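This report concerns only the one structure given below.
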Amino acid sequence: TGRYNKLSREIPQTVWPCRMCKGKGCARCGNTGKMYQTSVQEIIGDVALKMCGGKEHFFHGMGREDIDALMLGDGRPFVLELSNPKIRNIDLRALEREANKSDLAQFRDLRFAEREAVQRYKGADPDKVYRARVKADGKVNKEKLIEVALSFRDTRIDQRTPTRVEHRRADLVRKRTIRWVEAEPVGDCTFDLTLETESGTYVKEFVSGDGGRSVPNFSDALGIPCTVQELDVLAIKYEEPES
């Protein structure tokens, strides 16, 4: 177990089988069987598998960020599981050094984990801090921008399953809390939002409103349609329980 930073907006957290061939290999995926040629999982998992002589690796993250989002700050907690290892006591410092040769992801605080860590990480629901670069469909009044951001302190919102993921997730309305929001103007139509939210909040949809599926939302409050151009996760607010 440890924490990872994702430094690329073009790789997923885990292996993503090709939608066309379901992992078998086809012209669309260049016969790799994958939608993306690497992932956070593979960057460390392939190295670990070679070191332990194992059969397969499995990656359990404490949640996941969108492919086009960065995971910054202290990183996201994860568990890497290796099946059928021939060597169990591998050198974790060597694993970290080798995996960190990648400029797509970085790893830290590696240690051996007990089996129940997978369940604990999967069941955790820590608050998260994000930074969003936002483009407004028109000129933004700076005073109103700051005022609207401050108005979302400890605000409960209703979020229906976003349009972009409704094909693979149940159509539900989830209640989430926006802890706080800070805004910083960047240009006439561009600004940055830094915000802390309850686990499971769809930040892009909170900003845009997603056609009325996220209520209340930042666009309606500002009175101008807004879209997140870039999203970074700055912090996962989770602390390991004491032994």
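Letters for chains follow the order of the structure tokens (A, B, ...), residue numbers begin at 1 for each chain, and ligand numbers begin at 1 in the order shown.
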Would you kindly return, as a list in words, each protein, DNA or RNA residue with an atom no farther than 7 Å from any atom of A:Gly23, considering only C-alpha atoms and excluding same-chain residues fewer than 2 positions away?
->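 The residues that qualify are Pro17, Cys18, Cys21, Gly25, Gly33 and Lys34 of chain A.
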Looking only at the backbone, which of the residues in stretch 5-94 of chain A does DSSP tag as helix (DSSP H, G or I), as a list in words?
-> Val40, Gln41, Glu42, Ile43, Ile44, Gly45, Asp46, Val47, Ala48, Leu49, Lys50, Met51, Cys52, Leu92, Arg93 and Ala94 of chain A
How about saving the chosen residues, all heavy atoms kept, as a CSV table (one decimal), in the first residue's frame?
```
chain,number,residue,atom,x,y,z
A,40,VAL,N,-1.9,4.0,-14.1
A,40,VAL,CA,-1.2,4.0,-12.8
A,40,VAL,C,-0.9,2.6,-12.3
A,40,VAL,O,0.2,2.3,-11.8
A,40,VAL,CB,-2.0,4.8,-11.8
A,40,VAL,CG1,-1.4,4.8,-10.4
A,40,VAL,CG2,-2.2,6.3,-12.2
A,41,GLN,N,-1.9,1.8,-12.4
A,41,GLN,CA,-1.8,0.4,-12.0
A,41,GLN,C,-0.6,-0.3,-12.6
A,41,GLN,O,0.2,-1.0,-12.0
A,41,GLN,CB,-3.1,-0.4,-12.3
A,41,GLN,CG,-3.0,-1.9,-12.1
A,41,GLN,CD,-4.2,-2.6,-12.5
A,41,GLN,OE1,-5.3,-2.0,-12.7
A,41,GLN,NE2,-4.2,-4.0,-12.5
A,42,GLU,N,-0.5,-0.2,-13.9
A,42,GLU,CA,0.6,-0.9,-14.7
A,42,GLU,C,2.0,-0.3,-14.4
A,42,GLU,O,2.9,-1.1,-14.4
A,42,GLU,CB,0.3,-0.9,-16.2
A,42,GLU,CG,-1.0,-1.7,-16.5
A,42,GLU,CD,-1.5,-1.3,-17.9
A,42,GLU,OE1,-2.2,-0.3,-18.0
A,42,GLU,OE2,-1.2,-2.1,-18.9
A,43,ILE,N,2.0,1.0,-14.2
A,43,ILE,CA,3.3,1.6,-14.0
A,43,ILE,C,4.0,1.0,-12.8
A,43,ILE,O,5.2,0.7,-12.8
A,43,ILE,CB,3.2,3.1,-13.8
A,43,ILE,CG1,2.8,3.7,-15.2
A,43,ILE,CG2,4.5,3.8,-13.3
A,43,ILE,CD1,2.4,5.2,-15.1
A,44,ILE,N,3.3,0.8,-11.7
A,44,ILE,CA,3.9,0.2,-10.5
A,44,ILE,C,3.7,-1.4,-10.5
A,44,ILE,O,4.5,-2.1,-10.1
A,44,ILE,CB,3.4,0.8,-9.2
A,44,ILE,CG1,4.2,0.3,-8.0
A,44,ILE,CG2,1.9,0.5,-9.0
A,44,ILE,CD1,3.9,1.0,-6.7
A,45,GLY,N,2.5,-1.8,-11.0
A,45,GLY,CA,2.2,-3.2,-10.9
A,45,GLY,C,3.1,-4.1,-11.8
A,45,GLY,O,3.5,-5.2,-11.3
A,46,ASP,N,3.4,-3.7,-12.9
A,46,ASP,CA,4.3,-4.5,-13.8
A,46,ASP,C,5.7,-4.6,-13.2
A,46,ASP,O,6.3,-5.7,-13.3
A,46,ASP,CB,4.4,-3.8,-15.2
A,46,ASP,CG,3.2,-3.9,-16.0
A,46,ASP,OD1,2.2,-4.7,-15.6
A,46,ASP,OD2,3.1,-3.3,-17.1
A,47,VAL,N,6.2,-3.6,-12.5
A,47,VAL,CA,7.5,-3.7,-11.9
A,47,VAL,C,7.4,-4.6,-10.7
A,47,VAL,O,8.3,-5.5,-10.5
A,47,VAL,CB,7.9,-2.3,-11.4
A,47,VAL,CG1,9.3,-2.4,-10.6
A,47,VAL,CG2,8.1,-1.3,-12.5
A,48,ALA,N,6.4,-4.5,-9.9
A,48,ALA,CA,6.2,-5.3,-8.7
A,48,ALA,C,6.0,-6.8,-9.1
A,48,ALA,O,6.6,-7.7,-8.4
A,48,ALA,CB,5.0,-4.9,-7.9
A,49,LEU,N,5.3,-7.0,-10.2
A,49,LEU,CA,5.1,-8.4,-10.6
A,49,LEU,C,6.4,-9.1,-11.0
A,49,LEU,O,6.7,-10.2,-10.7
A,49,LEU,CB,4.1,-8.4,-11.8
A,49,LEU,CG,3.2,-9.6,-12.0
A,49,LEU,CD1,2.4,-9.8,-10.7
A,49,LEU,CD2,2.3,-9.4,-13.2
A,50,LYS,N,7.3,-8.3,-11.7
A,50,LYS,CA,8.6,-8.8,-12.1
A,50,LYS,C,9.4,-9.1,-10.9
A,50,LYS,O,10.2,-10.1,-10.9
A,50,LYS,CB,9.2,-7.8,-13.0
A,50,LYS,CG,10.4,-8.3,-13.8
A,50,LYS,CD,10.9,-7.3,-14.8
A,50,LYS,CE,9.9,-6.9,-15.8
A,50,LYS,NZ,10.4,-6.0,-16.9
A,51,MET,N,9.3,-8.3,-9.9
A,51,MET,CA,10.2,-8.5,-8.7
A,51,MET,C,9.7,-9.7,-7.9
A,51,MET,O,10.6,-10.4,-7.3
A,51,MET,CB,10.1,-7.2,-7.8
A,51,MET,CG,10.8,-6.0,-8.4
A,51,MET,SD,10.6,-4.5,-7.4
A,51,MET,CE,11.6,-4.9,-6.0
A,52,CYS,N,8.4,-9.9,-7.8
A,52,CYS,CA,7.9,-11.0,-7.0
A,52,CYS,C,7.7,-12.3,-7.7
A,52,CYS,O,7.4,-13.4,-7.1
A,52,CYS,CB,6.7,-10.6,-6.3
A,52,CYS,SG,5.2,-10.6,-7.3
A,92,LEU,N,10.8,-2.8,-1.1
A,92,LEU,CA,9.8,-1.7,-1.5
A,92,LEU,C,10.5,-0.4,-1.9
A,92,LEU,O,10.0,0.3,-2.7
A,92,LEU,CB,8.8,-1.5,-0.3
A,92,LEU,CG,8.0,-2.7,0.1
A,92,LEU,CD1,7.0,-2.3,1.1
A,92,LEU,CD2,7.2,-3.2,-1.2
A,93,ARG,N,11.7,-0.2,-1.4
A,93,ARG,CA,12.4,1.0,-1.8
A,93,ARG,C,12.8,0.9,-3.2
A,93,ARG,O,12.8,1.9,-4.0
A,93,ARG,CB,13.6,1.2,-0.9
A,93,ARG,CG,13.3,1.7,0.5
A,93,ARG,CD,14.5,2.0,1.3
A,93,ARG,NE,14.2,2.5,2.7
A,93,ARG,CZ,15.1,2.8,3.6
A,93,ARG,NH1,16.4,2.8,3.3
A,93,ARG,NH2,14.7,3.2,4.8
A,94,ALA,N,13.3,-0.3,-3.6
A,94,ALA,CA,13.7,-0.5,-5.0
A,94,ALA,C,12.5,-0.4,-5.9
A,94,ALA,O,12.5,0.1,-7.0
A,94,ALA,CB,14.3,-1.9,-5.1
```
Residue set, stretch 107-203 of chain A restricted to strand (DSSP E), as JSON, numbers by chain = {"A": [107, 108, 128, 129, 130, 131, 132, 133, 134, 135, 136, 155, 156, 157, 158, 159, 160, 173, 174, 175, 176, 177, 178, 179, 180, 181, 182, 183, 184, 185, 190, 191, 192, 193, 194, 195, 196, 197]}
Give me a file of those residues, with N, CA, C and O atoms, as a short mmCIF file (atom, residue, chain, number, x, y, z; two decimals), in the first residue's frame.
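part-v1.cif written:
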```cif
data_model
loop_
_atom_site.label_atom_id
_atom_site.label_comp_id
_atom_site.auth_asym_id
_atom_site.auth_seq_id
_atom_site.Cartn_x
_atom_site.Cartn_y
_atom_site.Cartn_z
N PHE A 107 4.99 7.44 -6.88
CA PHE A 107 4.51 6.64 -5.75
C PHE A 107 5.34 6.93 -4.51
O PHE A 107 6.54 7.21 -4.60
N ARG A 108 4.71 6.84 -3.34
CA ARG A 108 5.40 7.14 -2.09
C ARG A 108 4.81 6.34 -0.93
O ARG A 108 3.71 5.79 -1.05
N LYS A 128 -12.64 15.55 -0.13
CA LYS A 128 -11.58 15.80 -1.10
C LYS A 128 -11.50 17.29 -1.41
O LYS A 128 -12.53 17.99 -1.38
N VAL A 129 -10.29 17.75 -1.71
CA VAL A 129 -10.08 19.15 -2.10
C VAL A 129 -9.67 19.17 -3.57
O VAL A 129 -8.77 18.42 -3.98
N TYR A 130 -10.34 20.02 -4.35
CA TYR A 130 -10.11 20.10 -5.79
C TYR A 130 -9.72 21.51 -6.19
O TYR A 130 -10.04 22.48 -5.51
N ARG A 131 -9.05 21.61 -7.35
CA ARG A 131 -8.86 22.89 -8.02
C ARG A 131 -9.38 22.74 -9.44
O ARG A 131 -9.00 21.80 -10.15
N ALA A 132 -10.26 23.64 -9.84
CA ALA A 132 -10.87 23.57 -11.17
C ALA A 132 -10.58 24.85 -11.94
O ALA A 132 -10.81 25.96 -11.42
N ARG A 133 -10.07 24.74 -13.15
CA ARG A 133 -9.96 25.87 -14.06
C ARG A 133 -11.28 25.94 -14.84
O ARG A 133 -11.67 24.98 -15.51
N VAL A 134 -11.97 27.07 -14.71
CA VAL A 134 -13.34 27.19 -15.23
C VAL A 134 -13.41 28.26 -16.31
O VAL A 134 -12.83 29.35 -16.17
N LYS A 135 -14.13 27.94 -17.37
CA LYS A 135 -14.38 28.91 -18.46
C LYS A 135 -15.87 29.27 -18.42
O LYS A 135 -16.74 28.40 -18.47
N ALA A 136 -16.14 30.59 -18.32
CA ALA A 136 -17.52 31.07 -18.32
C ALA A 136 -17.92 31.51 -19.71
O ALA A 136 -17.08 31.97 -20.50
N THR A 155 -23.05 23.63 1.97
CA THR A 155 -24.28 23.61 1.17
C THR A 155 -24.60 22.19 0.70
O THR A 155 -23.76 21.51 0.12
N ARG A 156 -25.82 21.75 0.96
CA ARG A 156 -26.28 20.44 0.48
C ARG A 156 -26.77 20.59 -0.95
O ARG A 156 -27.53 21.51 -1.27
N ILE A 157 -26.34 19.67 -1.82
CA ILE A 157 -26.79 19.70 -3.20
C ILE A 157 -27.34 18.32 -3.59
O ILE A 157 -26.98 17.32 -2.99
N ASP A 158 -28.25 18.33 -4.55
CA ASP A 158 -28.78 17.09 -5.11
C ASP A 158 -28.14 16.88 -6.47
O ASP A 158 -28.19 17.75 -7.33
N GLN A 159 -27.54 15.70 -6.67
CA GLN A 159 -26.88 15.40 -7.94
C GLN A 159 -27.45 14.11 -8.54
O GLN A 159 -27.25 13.03 -7.99
N ARG A 160 -28.14 14.27 -9.64
CA ARG A 160 -28.59 13.12 -10.39
C ARG A 160 -27.40 12.57 -11.18
O ARG A 160 -26.51 13.33 -11.57
N VAL A 173 -30.41 9.98 -7.57
CA VAL A 173 -30.14 11.33 -7.08
C VAL A 173 -29.39 11.19 -5.76
O VAL A 173 -29.89 10.58 -4.82
N ARG A 174 -28.18 11.73 -5.73
CA ARG A 174 -27.33 11.62 -4.54
C ARG A 174 -27.24 12.98 -3.86
O ARG A 174 -27.04 14.00 -4.51
N LYS A 175 -27.35 12.98 -2.54
CA LYS A 175 -27.20 14.21 -1.76
C LYS A 175 -25.75 14.32 -1.31
O LYS A 175 -25.23 13.40 -0.70
N ARG A 176 -25.12 15.44 -1.61
CA ARG A 176 -23.73 15.67 -1.25
C ARG A 176 -23.58 17.07 -0.65
O ARG A 176 -24.44 17.94 -0.85
N THR A 177 -22.47 17.27 0.06
CA THR A 177 -22.23 18.56 0.71
C THR A 177 -20.99 19.24 0.13
O THR A 177 -19.93 18.62 0.01
N ILE A 178 -21.14 20.50 -0.23
CA ILE A 178 -20.01 21.35 -0.60
C ILE A 178 -19.55 22.02 0.70
O ILE A 178 -20.29 22.80 1.30
N ARG A 179 -18.34 21.70 1.15
CA ARG A 179 -17.86 22.25 2.43
C ARG A 179 -17.54 23.74 2.30
O ARG A 179 -17.96 24.54 3.12
N TRP A 180 -16.77 24.10 1.29
CA TRP A 180 -16.42 25.50 1.05
C TRP A 180 -15.90 25.66 -0.38
O TRP A 180 -15.47 24.69 -0.99
N VAL A 181 -15.94 26.88 -0.87
CA VAL A 181 -15.45 27.19 -2.22
C VAL A 181 -14.71 28.53 -2.16
O VAL A 181 -15.16 29.48 -1.53
N GLU A 182 -13.56 28.59 -2.82
CA GLU A 182 -12.82 29.84 -3.00
C GLU A 182 -12.62 30.07 -4.49
O GLU A 182 -12.40 29.12 -5.24
N ALA A 183 -12.69 31.32 -4.90
CA ALA A 183 -12.56 31.66 -6.32
C ALA A 183 -11.44 32.66 -6.53
O ALA A 183 -11.20 33.54 -5.69
N GLU A 184 -10.75 32.51 -7.66
CA GLU A 184 -9.68 33.43 -8.02
C GLU A 184 -9.78 33.74 -9.51
O GLU A 184 -9.63 32.85 -10.35
N PRO A 185 -10.05 35.00 -9.86
CA PRO A 185 -10.14 35.38 -11.28
C PRO A 185 -8.81 35.14 -11.99
O PRO A 185 -7.74 35.37 -11.43
N THR A 190 -12.39 33.60 -17.37
CA THR A 190 -11.77 32.41 -16.80
C THR A 190 -11.44 32.64 -15.33
O THR A 190 -11.01 33.73 -14.94
N PHE A 191 -11.64 31.60 -14.52
CA PHE A 191 -11.31 31.70 -13.10
C PHE A 191 -11.00 30.31 -12.55
O PHE A 191 -11.33 29.29 -13.16
N ASP A 192 -10.34 30.30 -11.41
CA ASP A 192 -10.04 29.05 -10.71
C ASP A 192 -10.93 28.92 -9.49
O ASP A 192 -11.14 29.90 -8.75
N LEU A 193 -11.44 27.72 -9.27
CA LEU A 193 -12.16 27.40 -8.04
C LEU A 193 -11.36 26.38 -7.25
O LEU A 193 -10.88 25.40 -7.81
N THR A 194 -11.19 26.62 -5.96
CA THR A 194 -10.65 25.62 -5.06
C THR A 194 -11.79 25.29 -4.09
O THR A 194 -12.42 26.21 -3.54
N LEU A 195 -12.08 24.01 -3.93
CA LEU A 195 -13.24 23.63 -3.12
C LEU A 195 -13.02 22.30 -2.42
O LEU A 195 -12.31 21.43 -2.91
N GLU A 196 -13.63 22.19 -1.26
CA GLU A 196 -13.64 20.92 -0.53
C GLU A 196 -15.05 20.37 -0.57
O GLU A 196 -16.02 21.10 -0.32
N THR A 197 -15.17 19.09 -0.89
CA THR A 197 -16.48 18.47 -1.03
C THR A 197 -16.55 17.14 -0.30
O THR A 197 -15.53 16.51 -0.03
#
```
Option closest in space to A:Pro77, from A:Ile236, A:Leu150, A:Val186, A:Ile11 [counting only C-alpha atoms] | A:Ile236
Record the distance separating atom CA of A:Ala105 and atom CA of A:Arg3, expressed in Å with one decimal.
-> 10.5 Å
Can you tell me, as number ranges by chain, what residues are no more than 12 Å from A:Gly209 when counting only C-alpha atoms, ignoring any on the same chain fewer than 4 positions away?
-> A: 157-163, 202-205, 213-228
Write out as a list in words the residues lying within 12 Å of A:Ile67, counting only C-alpha atoms and excluding same-chain residues fewer than 4 positions away.
->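 The filter keeps Lys6, Leu7, Ser8, Arg9, Glu10, Ile11, Pro12, Gln13, Thr14, Val15, Trp16, Met35, Tyr36, Thr38, Ser39, Val40, Met71, Leu104, Glu230, Leu231, Asp232 and Val233 of chain A.
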Can you list, as a list of chain:residue names, every protein, DNA or RNA residue that comes within 8 Å of A:Tyr238 when you count only C-alpha atoms, leaving out same-chain residues fewer than 2 positions away?
-> A:Pro126, A:Asp127, A:Ile236, A:Glu240
Using only C-alpha atoms, find the one residue out of A:His57, A:Gly63, A:Lys22, A:Asp171 that sits nearest to A:Gly200.
->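 Checking each of A:His57, A:Gly63, A:Lys22, A:Asp171 against A:Gly200, counting only C-alpha atoms, the winner is A:Gly63.
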